[in-house]
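Note: the block below is model.pdb and it holds PDB, C-alpha atoms.
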```
MODEL        1
ATOM      1  CA  MET A   1      45.738 -15.859   5.209
ATOM      2  CA  LYS A   2      43.588 -18.587   3.740
ATOM      3  CA  LYS A   3      40.083 -17.969   2.412
ATOM      4  CA  ILE A   4      37.533 -16.751   4.934
ATOM      5  CA  ASP A   5      35.389 -19.551   6.378
ATOM      6  CA  ASP A   6      32.689 -19.928   9.025
ATOM      7  CA  ILE A   7      35.223 -19.715  11.866
ATOM      8  CA  ASP A   8      36.474 -16.346  10.623
ATOM      9  CA  ILE A   9      32.906 -15.050  10.272
ATOM     10  CA  ARG A  10      32.117 -16.017  13.862
ATOM     11  CA  LEU A  11      35.372 -14.483  15.144
ATOM     12  CA  LEU A  12      34.736 -11.262  13.228
ATOM     13  CA  GLN A  13      31.237 -11.071  14.722
ATOM     14  CA  LEU A  14      32.801 -11.445  18.175
ATOM     15  CA  PHE A  15      35.319  -8.701  17.296
ATOM     16  CA  LEU A  16      32.506  -6.330  16.302
ATOM     17  CA  ILE A  17      30.694  -6.894  19.587
ATOM     18  CA  ILE A  18      33.897  -6.280  21.569
ATOM     19  CA  VAL A  19      34.605  -3.003  19.758
ATOM     20  CA  GLU A  20      31.003  -1.781  20.041
ATOM     21  CA  SER A  21      30.947  -2.754  23.737
ATOM     22  CA  ASP A  22      34.193  -0.759  24.202
ATOM     23  CA  GLY A  23      36.224  -3.643  25.555
ATOM     24  CA  PHE A  24      36.365  -7.223  26.751
ATOM     25  CA  SER A  25      34.823  -6.623  30.154
ATOM     26  CA  ALA A  26      31.569  -5.087  28.857
ATOM     27  CA  ALA A  27      31.403  -7.625  26.015
ATOM     28  CA  GLN A  28      31.130 -10.506  28.506
ATOM     29  CA  TYR A  29      27.443  -9.751  29.037
ATOM     30  CA  GLN A  30      26.697  -9.427  25.328
ATOM     31  CA  LEU A  31      28.533 -12.637  24.444
ATOM     32  CA  ASN A  32      27.699 -14.583  27.619
ATOM     33  CA  MET A  33      31.354 -15.643  27.806
ATOM     34  CA  HIS A  34      34.128 -15.334  30.373
ATOM     35  CA  GLN A  35      36.743 -12.685  29.675
ATOM     36  CA  SER A  36      39.448 -15.316  29.368
ATOM     37  CA  SER A  37      37.490 -17.111  26.620
ATOM     38  CA  ILE A  38      36.948 -13.820  24.771
ATOM     39  CA  SER A  39      40.669 -13.052  24.986
ATOM     40  CA  LYS A  40      41.550 -16.471  23.580
ATOM     41  CA  LYS A  41      39.181 -16.044  20.620
ATOM     42  CA  MET A  42      40.614 -12.606  19.895
ATOM     43  CA  ASN A  43      44.086 -14.139  19.888
ATOM     44  CA  ASP A  44      42.821 -16.768  17.445
ATOM     45  CA  LEU A  45      41.442 -14.043  15.127
ATOM     46  CA  GLU A  46      44.665 -12.049  15.241
ATOM     47  CA  THR A  47      46.647 -15.191  14.464
ATOM     48  CA  ARG A  48      44.396 -16.038  11.515
ATOM     49  CA  LEU A  49      44.598 -12.480  10.167
ATOM     50  CA  GLY A  50      48.295 -12.104  10.919
ATOM     51  CA  MET A  51      47.978  -8.717  12.633
ATOM     52  CA  THR A  52      47.323  -7.090  15.980
ATOM     53  CA  LEU A  53      43.828  -5.656  16.177
ATOM     54  CA  CYS A  54      43.726  -4.064  19.625
ATOM     55  CA  HIS A  55      45.674  -3.252  22.762
ATOM     56  CA  ARG A  56      44.178  -4.379  26.043
ATOM     57  CA  GLY A  57      45.482  -4.094  29.546
ATOM     58  CA  ARG A  58      45.681  -1.622  32.397
ATOM     59  CA  SER A  59      45.556   1.313  30.021
ATOM     60  CA  GLY A  60      42.238   0.076  28.663
ATOM     61  CA  PHE A  61      40.959  -1.204  25.344
ATOM     62  CA  LYS A  62      42.152   0.516  22.156
ATOM     63  CA  LEU A  63      42.085  -0.449  18.489
ATOM     64  CA  THR A  64      45.286  -0.445  16.471
ATOM     65  CA  PRO A  65      45.233   1.303  13.060
ATOM     66  CA  ASP A  66      44.914  -2.168  11.493
ATOM     67  CA  GLY A  67      42.172  -3.041  13.950
ATOM     68  CA  LEU A  68      40.204   0.100  13.012
ATOM     69  CA  LYS A  69      40.410  -0.851   9.318
ATOM     70  CA  VAL A  70      39.314  -4.440  10.043
ATOM     71  CA  TYR A  71      36.424  -3.113  12.177
ATOM     72  CA  GLU A  72      35.154  -0.855   9.354
ATOM     73  CA  MET A  73      35.522  -3.652   6.785
ATOM     74  CA  SER A  74      33.710  -6.058   9.108
ATOM     75  CA  ARG A  75      30.798  -3.650   9.469
ATOM     76  CA  GLN A  76      30.560  -3.429   5.693
ATOM     77  CA  LEU A  77      30.750  -7.208   5.380
ATOM     78  CA  PHE A  78      27.938  -7.873   7.836
ATOM     79  CA  GLY A  79      25.894  -5.045   6.339
ATOM     80  CA  GLN A  80      26.125  -6.813   2.974
ATOM     81  CA  ILE A  81      25.207 -10.113   4.624
ATOM     82  CA  ASP A  82      22.082  -8.431   6.078
ATOM     83  CA  VAL A  83      21.170  -7.063   2.632
ATOM     84  CA  PHE A  84      21.695 -10.525   1.135
ATOM     85  CA  GLN A  85      19.478 -12.096   3.791
ATOM     86  CA  LYS A  86      16.692  -9.544   3.172
ATOM     87  CA  GLN A  87      16.880 -10.179  -0.568
ATOM     88  CA  ILE A  88      16.669 -13.934   0.020
ATOM     89  CA  ASP A  89      13.656 -13.359   2.290
ATOM     90  CA  ASN A  90      12.024 -11.213  -0.403
ATOM     91  CA  ILE A  91      12.629 -13.864  -3.055
ATOM     92  CA  ARG A  92      11.128 -16.456  -0.725
ATOM     93  CA  SER A  93       8.221 -14.087  -0.072
ATOM     94  CA  ILE A  94       7.454 -13.569  -3.763
ATOM     95  CA  SER A  95       7.340 -17.340  -4.176
ATOM     96  CA  CYS A  96       5.104 -18.187  -1.243
ATOM     97  CA  GLY A  97       4.173 -14.938   0.506
ATOM     98  CA  ASN A  98       0.888 -13.113   0.745
ATOM     99  CA  ILE A  99      -0.436  -9.674  -0.212
ATOM    100  CA  GLN A 100      -3.062  -7.675   1.677
ATOM    101  CA  PHE A 101      -5.067  -5.970  -1.080
ATOM    102  CA  GLY A 102      -7.940  -3.570  -0.375
ATOM    103  CA  MET A 103     -10.243  -2.075  -3.001
ATOM    104  CA  VAL A 104     -13.461  -0.126  -3.194
ATOM    105  CA  ASP A 105     -16.572  -1.961  -4.304
ATOM    106  CA  ASN A 106     -18.257  -2.556  -7.665
ATOM    107  CA  LEU A 107     -15.385  -1.901 -10.048
ATOM    108  CA  VAL A 108     -15.565  -5.126 -12.011
ATOM    109  CA  THR A 109     -18.222  -3.885 -14.468
ATOM    110  CA  ASN A 110     -16.261  -0.733 -15.312
ATOM    111  CA  PRO A 111     -14.934  -1.211 -18.879
ATOM    112  CA  ASP A 112     -11.858   0.912 -18.034
ATOM    113  CA  CYS A 113     -10.947  -1.224 -15.028
ATOM    114  CA  PHE A 114      -8.261  -3.816 -15.795
ATOM    115  CA  ILE A 115      -7.671  -5.100 -12.271
ATOM    116  CA  PRO A 116      -8.696  -8.680 -13.265
ATOM    117  CA  ALA A 117      -6.171  -8.586 -16.132
ATOM    118  CA  ALA A 118      -3.451  -7.375 -13.753
ATOM    119  CA  ILE A 119      -4.239 -10.157 -11.280
ATOM    120  CA  ALA A 120      -4.106 -12.708 -14.097
ATOM    121  CA  MET A 121      -0.691 -11.389 -15.190
ATOM    122  CA  PHE A 122       0.599 -11.599 -11.625
ATOM    123  CA  VAL A 123      -0.784 -15.051 -10.783
ATOM    124  CA  ASP A 124       0.569 -16.551 -14.021
ATOM    125  CA  LYS A 125       4.066 -15.487 -12.930
ATOM    126  CA  HIS A 126       3.704 -16.101  -9.179
ATOM    127  CA  PRO A 127       1.082 -18.825  -8.613
ATOM    128  CA  GLN A 128       2.202 -19.569  -5.039
ATOM    129  CA  VAL A 129       1.529 -16.067  -3.693
ATOM    130  CA  ARG A 130      -1.645 -15.709  -1.657
ATOM    131  CA  ILE A 131      -3.682 -12.548  -2.346
ATOM    132  CA  ASP A 132      -6.012 -11.565   0.490
ATOM    133  CA  CYS A 133      -8.622  -9.193  -0.993
ATOM    134  CA  ALA A 134     -10.933  -7.007   1.055
ATOM    135  CA  ILE A 135     -13.677  -4.612  -0.041
ATOM    136  CA  ALA A 136     -13.893  -1.382   1.949
ATOM    137  CA  ASP A 137     -14.516   2.315   1.411
ATOM    138  CA  SER A 138     -11.612   4.598   0.517
ATOM    139  CA  TYR A 139     -11.298   6.017   4.035
ATOM    140  CA  GLN A 140     -10.930   2.546   5.571
ATOM    141  CA  ILE A 141      -8.410   1.463   2.925
ATOM    142  CA  GLU A 142      -6.312   4.590   3.425
ATOM    143  CA  LYS A 143      -6.401   4.096   7.195
ATOM    144  CA  GLY A 144      -5.388   0.446   6.718
ATOM    145  CA  LEU A 145      -2.487   1.443   4.447
ATOM    146  CA  LEU A 146      -1.201   3.946   7.015
ATOM    147  CA  GLU A 147      -1.451   1.284   9.732
ATOM    148  CA  ASP A 148       0.255  -1.359   7.508
ATOM    149  CA  LYS A 149      -2.883  -3.516   7.486
ATOM    150  CA  PHE A 150      -2.987  -3.268   3.684
ATOM    151  CA  ASP A 151      -0.061  -3.460   1.284
ATOM    152  CA  ILE A 152      -1.933  -2.143  -1.765
ATOM    153  CA  GLY A 153      -5.197  -0.243  -2.152
ATOM    154  CA  ILE A 154      -7.515   0.854  -4.947
ATOM    155  CA  THR A 155      -9.208   4.036  -3.741
ATOM    156  CA  SER A 156     -11.396   6.823  -5.103
ATOM    157  CA  SER A 157     -10.128   9.571  -2.857
ATOM    158  CA  GLU A 158     -11.267  13.159  -3.345
ATOM    159  CA  VAL A 159      -9.108  14.244  -0.387
ATOM    160  CA  LYS A 160      -5.643  12.684  -0.564
ATOM    161  CA  LYS A 161      -3.937  11.805   2.705
ATOM    162  CA  SER A 162      -0.387  12.707   3.670
ATOM    163  CA  GLY A 163       1.918   9.682   3.750
ATOM    164  CA  LEU A 164       0.213   7.882   0.873
ATOM    165  CA  ASP A 165       1.213   7.668  -2.778
ATOM    166  CA  TYR A 166      -1.594   7.857  -5.383
ATOM    167  CA  HIS A 167      -1.117   6.574  -8.957
ATOM    168  CA  TYR A 168      -4.065   7.342 -11.254
ATOM    169  CA  LEU A 169      -5.550   4.235 -12.921
ATOM    170  CA  PHE A 170      -8.965   5.040 -14.440
ATOM    171  CA  GLU A 171     -12.200   6.926 -13.907
ATOM    172  CA  GLU A 172     -15.924   6.320 -14.120
ATOM    173  CA  LYS A 173     -18.860   8.539 -14.934
ATOM    174  CA  GLN A 174     -21.627   8.586 -12.350
ATOM    175  CA  SER A 175     -25.168   9.786 -12.916
ATOM    176  CA  LEU A 176     -28.078  10.681 -10.708
ATOM    177  CA  TYR A 177     -30.627   7.832 -10.546
ATOM    178  CA  CYS A 178     -34.115   7.309  -9.206
ATOM    179  CA  VAL A 179     -37.007   4.930  -9.864
ATOM    180  CA  PRO A 180     -38.992   5.550 -13.100
ATOM    181  CA  GLN A 181     -42.041   6.741 -11.127
ATOM    182  CA  HIS A 182     -40.142   9.535  -9.340
ATOM    183  CA  ALA A 183     -41.663  13.018  -9.622
ATOM    184  CA  ILE A 184     -38.288  14.605 -10.510
ATOM    185  CA  LEU A 185     -38.651  13.127 -14.014
ATOM    186  CA  ASP A 186     -41.828  15.112 -14.628
ATOM    187  CA  ILE A 187     -40.031  18.435 -15.035
ATOM    188  CA  ASN A 188     -38.905  17.403 -18.559
ATOM    189  CA  ARG A 189     -35.612  19.322 -18.465
ATOM    190  CA  PRO A 190     -32.197  18.960 -16.820
ATOM    191  CA  ALA A 191     -32.645  19.147 -13.056
ATOM    192  CA  SER A 192     -30.856  21.879 -11.109
ATOM    193  CA  LEU A 193     -29.825  22.037  -7.455
ATOM    194  CA  LYS A 194     -33.013  24.007  -6.763
ATOM    195  CA  ASP A 195     -35.121  21.235  -8.341
ATOM    196  CA  ILE A 196     -33.368  18.552  -6.322
ATOM    197  CA  GLN A 197     -33.244  20.176  -2.903
ATOM    198  CA  ASN A 198     -36.840  19.292  -2.048
ATOM    199  CA  ASN A 199     -36.234  15.583  -2.605
ATOM    200  CA  ALA A 200     -34.716  12.893  -0.409
ATOM    201  CA  LEU A 201     -31.130  12.132  -1.427
ATOM    202  CA  VAL A 202     -28.495   9.465  -0.738
ATOM    203  CA  GLU A 203     -25.061  10.912  -0.010
ATOM    204  CA  ARG A 204     -21.981   8.765  -0.456
ATOM    205  CA  GLY A 205     -19.404  10.097   1.984
ATOM    206  CA  LEU A 206     -19.288   9.355   5.671
ATOM    207  CA  ALA A 207     -15.995  11.067   6.535
ATOM    208  CA  HIS A 208     -16.849  13.921   4.149
ATOM    209  CA  HIS A 209     -19.435  14.650   1.441
ATOM    210  CA  ILE A 210     -18.135  13.845  -2.022
ATOM    211  CA  THR A 211     -20.911  14.212  -4.623
ATOM    212  CA  PRO A 212     -22.172  17.436  -6.262
ATOM    213  CA  MET A 213     -25.323  17.146  -4.135
ATOM    214  CA  SER A 214     -23.354  18.043  -1.008
ATOM    215  CA  GLU A 215     -24.422  21.672  -1.347
ATOM    216  CA  VAL A 216     -28.079  20.816  -0.776
ATOM    217  CA  MET A 217     -27.734  17.973   1.719
ATOM    218  CA  ALA A 218     -28.443  20.114   4.779
ATOM    219  CA  SER A 219     -31.898  21.040   3.504
ATOM    220  CA  CYS A 220     -32.906  17.550   2.366
ATOM    221  CA  CYS A 221     -34.189  14.444   4.037
ATOM    222  CA  THR A 222     -31.099  12.308   3.454
ATOM    223  CA  ALA A 223     -29.537   8.911   3.819
ATOM    224  CA  TYR A 224     -25.854   8.022   3.853
ATOM    225  CA  ALA A 225     -24.278   4.998   2.196
ATOM    226  CA  PRO A 226     -20.530   4.202   2.032
ATOM    227  CA  ASN A 227     -20.800   1.882  -0.968
ATOM    228  CA  MET A 228     -22.607   1.308  -4.249
ATOM    229  CA  GLU A 229     -24.812  -1.588  -3.184
ATOM    230  CA  ALA A 230     -26.240   0.262  -0.184
ATOM    231  CA  THR A 231     -26.881   3.253  -2.443
ATOM    232  CA  ALA A 232     -28.669   1.023  -4.971
ATOM    233  CA  HIS A 233     -30.929  -0.424  -2.250
ATOM    234  CA  LEU A 234     -31.961   3.049  -1.149
ATOM    235  CA  ILE A 235     -32.629   4.221  -4.709
ATOM    236  CA  LEU A 236     -34.633   1.073  -5.521
ATOM    237  CA  SER A 237     -36.794   1.732  -2.473
ATOM    238  CA  GLY A 238     -38.297   4.570  -4.515
ATOM    239  CA  ARG A 239     -37.741   7.039  -1.692
ATOM    240  CA  PHE A 240     -34.317   8.413  -2.603
ATOM    241  CA  MET A 241     -32.265   9.706  -5.503
ATOM    242  CA  GLY A 242     -28.539   9.080  -5.607
ATOM    243  CA  TYR A 243     -25.432   8.841  -7.741
ATOM    244  CA  LEU A 244     -24.356   5.484  -9.142
ATOM    245  CA  PRO A 245     -21.695   4.556 -11.711
ATOM    246  CA  ASP A 246     -23.354   4.186 -15.108
ATOM    247  CA  HIS A 247     -21.769   0.759 -15.653
ATOM    248  CA  TYR A 248     -23.123  -0.432 -12.307
ATOM    249  CA  ALA A 249     -26.635   1.017 -12.677
ATOM    250  CA  ASP A 250     -27.064  -0.367 -16.193
ATOM    251  CA  ILE A 251     -28.533  -3.692 -14.985
ATOM    252  CA  TRP A 252     -31.489  -1.891 -13.320
ATOM    253  CA  LEU A 253     -31.738   0.623 -16.131
ATOM    254  CA  GLN A 254     -32.168  -2.194 -18.648
ATOM    255  CA  LYS A 255     -34.814  -3.848 -16.472
ATOM    256  CA  GLY A 256     -36.788  -0.614 -16.158
ATOM    257  CA  MET A 257     -36.207  -0.516 -12.390
ATOM    258  CA  MET A 258     -34.177   2.721 -12.439
ATOM    259  CA  ALA A 259     -34.106   5.885 -14.527
ATOM    260  CA  LYS A 260     -31.300   8.377 -15.104
ATOM    261  CA  VAL A 261     -32.119  11.904 -14.006
ATOM    262  CA  PRO A 262     -31.027  14.512 -16.583
ATOM    263  CA  VAL A 263     -29.061  17.168 -14.678
ATOM    264  CA  VAL A 264     -27.444  20.521 -15.377
ATOM    265  CA  GLU A 265     -23.733  20.578 -16.147
ATOM    266  CA  GLU A 266     -22.592  21.511 -12.635
ATOM    267  CA  LEU A 267     -24.159  18.307 -11.310
ATOM    268  CA  ALA A 268     -22.103  16.106 -13.648
ATOM    269  CA  TYR A 269     -19.914  13.791 -11.582
ATOM    270  CA  SER A 270     -16.927  11.545 -12.339
ATOM    271  CA  THR A 271     -14.784   9.545  -9.931
ATOM    272  CA  HIS A 272     -11.046   8.925 -10.333
ATOM    273  CA  PHE A 273      -9.497   5.702  -9.060
ATOM    274  CA  TYR A 274      -5.963   5.393  -7.760
ATOM    275  CA  LEU A 275      -3.478   2.653  -6.999
ATOM    276  CA  THR A 276      -2.596   3.685  -3.447
ATOM    277  CA  THR A 277       0.373   2.642  -1.297
ATOM    278  CA  ASN A 278       2.108   3.803   1.865
ATOM    279  CA  GLU A 279       5.056   6.066   0.995
ATOM    280  CA  GLN A 280       7.025   4.799   4.018
ATOM    281  CA  HIS A 281       6.158   1.115   3.660
ATOM    282  CA  ASP A 282       8.899  -0.972   2.003
ATOM    283  CA  LEU A 283       6.770  -3.360  -0.051
ATOM    284  CA  SER A 284       7.736  -6.994  -0.434
ATOM    285  CA  LEU A 285       8.850  -8.109  -3.883
ATOM    286  CA  ALA A 286       5.485  -9.828  -4.281
ATOM    287  CA  SER A 287       3.584  -6.603  -3.601
ATOM    288  CA  LYS A 288       5.917  -4.628  -5.871
ATOM    289  CA  ALA A 289       5.316  -7.129  -8.666
ATOM    290  CA  LEU A 290       1.527  -6.774  -8.330
ATOM    291  CA  VAL A 291       1.861  -2.963  -8.234
ATOM    292  CA  ASN A 292       3.844  -3.103 -11.489
ATOM    293  CA  ASP A 293       1.232  -5.338 -13.131
ATOM    294  CA  LEU A 294      -1.584  -3.028 -12.016
ATOM    295  CA  LYS A 295       0.246  -0.016 -13.460
ATOM    296  CA  GLN A 296       1.134  -1.838 -16.672
ATOM    297  CA  SER A 297      -2.435  -2.992 -17.278
ATOM    298  CA  HIS A 298      -3.765   0.571 -16.962
ATOM    299  CA  ASP A 299      -0.841   2.668 -18.175
ATOM    300  CA  ILE A 300      -2.059   3.626 -21.674
ATOM    301  CA  LYS A 301      -5.361   5.032 -20.414
ATOM    302  CA  SER A 302      -3.645   6.388 -17.286
ATOM    303  CA  VAL A 303      -1.090   8.413 -19.232
ATOM    304  CA  MET A 304      -3.765   9.800 -21.564
ATOM    305  CA  ALA A 305      -5.981  10.783 -18.635
ATOM    306  CA  GLU A 306      -3.132  12.438 -16.733
ATOM    307  CA  LEU A 307      -2.244  14.474 -19.801
ATOM    308  CA  SER A 308      -5.857  15.609 -20.212
ATOM    309  CA  LEU A 309      -6.125  16.447 -16.503
ATOM    310  CA  GLY A 310      -2.865  18.395 -16.636
TER     311      GLY A 310
ENDMDL
END
```

Mind converting the file's structure to structure tokens?
Amino acid sequence: MKKIDDIDIRLLQLFLIIVESDGFSAAQYQLNMHQSSISKKMNDLETRLGMTLCHRGRSGFKLTPDGLKVYEMSRQLFGQIDVFQKQIDNIRSISCGNIQFGMVDNLVTNPDCFIPAAIAMFVDKHPQVRIDCAIADSYQIEKGLLEDKFDIGITSSEVKKSGLDYHYLFEEKQSLYCVPQHAILDINRPASLKDIQNNALVERGLAHHITPMSEVMASCCTAYAPNMEATAHLILSGRFMGYLPDHYADIWLQKGMMAKVPVVEELAYSTHFYLTTNEQHDLSLASKALVNDLKQSHDIKSVMAELSLG
């Protein structure tokens, strides 16, 4: 037999449909062809291959031993063609695709956050890829990842969700802040839960409470804010205390608009940030490349932190 060409590929595809339809008669509907035309094409394939592939007649349709081997080889062939096509699509996607990227707010001033460096690394290699960034709280990002609305997320999840993969990137220290005129500063010692519980507080979590103040929230006049900026507004009103990342609060601290509340050790609070993906979602090559750059840009600090946490 001569080298396989397009005609052979088409005839082999027809052969697969006939076998999987269990005969010529049923295959008519799949192929939208008359039975006589199907029979002629099968004869053409057998002639080109130089072997009999099936018996057909009153006794019904049945593969010959050679036909069974050709059927199995054909399945493998078209399986490889499908893999090849997916790889081509992925290569095309990494050149001109897009990535849905969700992250929590106010990370850019964190000195341990290297997301901008990772994006720079990625864009230098893949300038045609479009990155669609969205800011949301961790709960919304996790929900979006599970619903395939996001490809990649940066979350600060205290409660990890089933079905998601979390890769530690960095952390940030958060402190309790108020305005400089707040009465809590008059006690001149680290504040305890008992000291705080008579003051109005801003709690971060909406789905669940996440800061060390959660224990006293029920007895306090409270506000709830899902992000840093909303928390800052409430603190700057002078009516609430709340936790903010030190790197984020520094601008108001330097201007004398906020003050850090000294607290006892059990009220110390740090947040861990994770590169989060859907365990079941087969990422495009573009998304995988950005994931690798995000990991690479944080890996030294990440490994050290994981060792210390372990």

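With atom CA of A:Asp282 on one side and atom CA of A:Ala120 on the other, the separation reads 23.8 Å.
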
- Task: Please evaluate the PyMOL selection byres ((chain A and resi 144) around 12) against the displayed coordinates and give the resulting residues as a PyMOL selection string.
- Result: chain A and resi 100-103+134-143+145-155+164+276-278+281

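Using all atoms listed in the file for every distance, the candidate list A:Lys295, A:Arg75, A:Lys288, A:Lys173 yields A:Lys173 as the residue closest to A:Tyr243.
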
- Message: For a test of reading the model, state the distance in Å between atom CA of A:Val159 and atom CA of A:Tyr274, rounded to one decimal.
- Response: 11.9 Å

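Our summary of the geometry notes that atom CA of A:Cys113 is positioned 8.0 Å from atom CA of A:Leu169.
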
Each side padded by 3 Å, which centre and which edge lengths in Å (one decimal) define the axis-aligned box around the listed atoms of stretch 63-66 of chain A? Give them as AutoDock Vina command-line options.
```
--center_x 43.7 --center_y -0.4 --center_z 15.0 --size_x 9.2 --size_y 9.5 --size_z 13.0
```

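With distances taken over all atoms listed in the file, A:Leu68 is the one residue among A:Leu68, A:Ala232, A:Ile187, A:Cys178 lying closest to A:Thr52.
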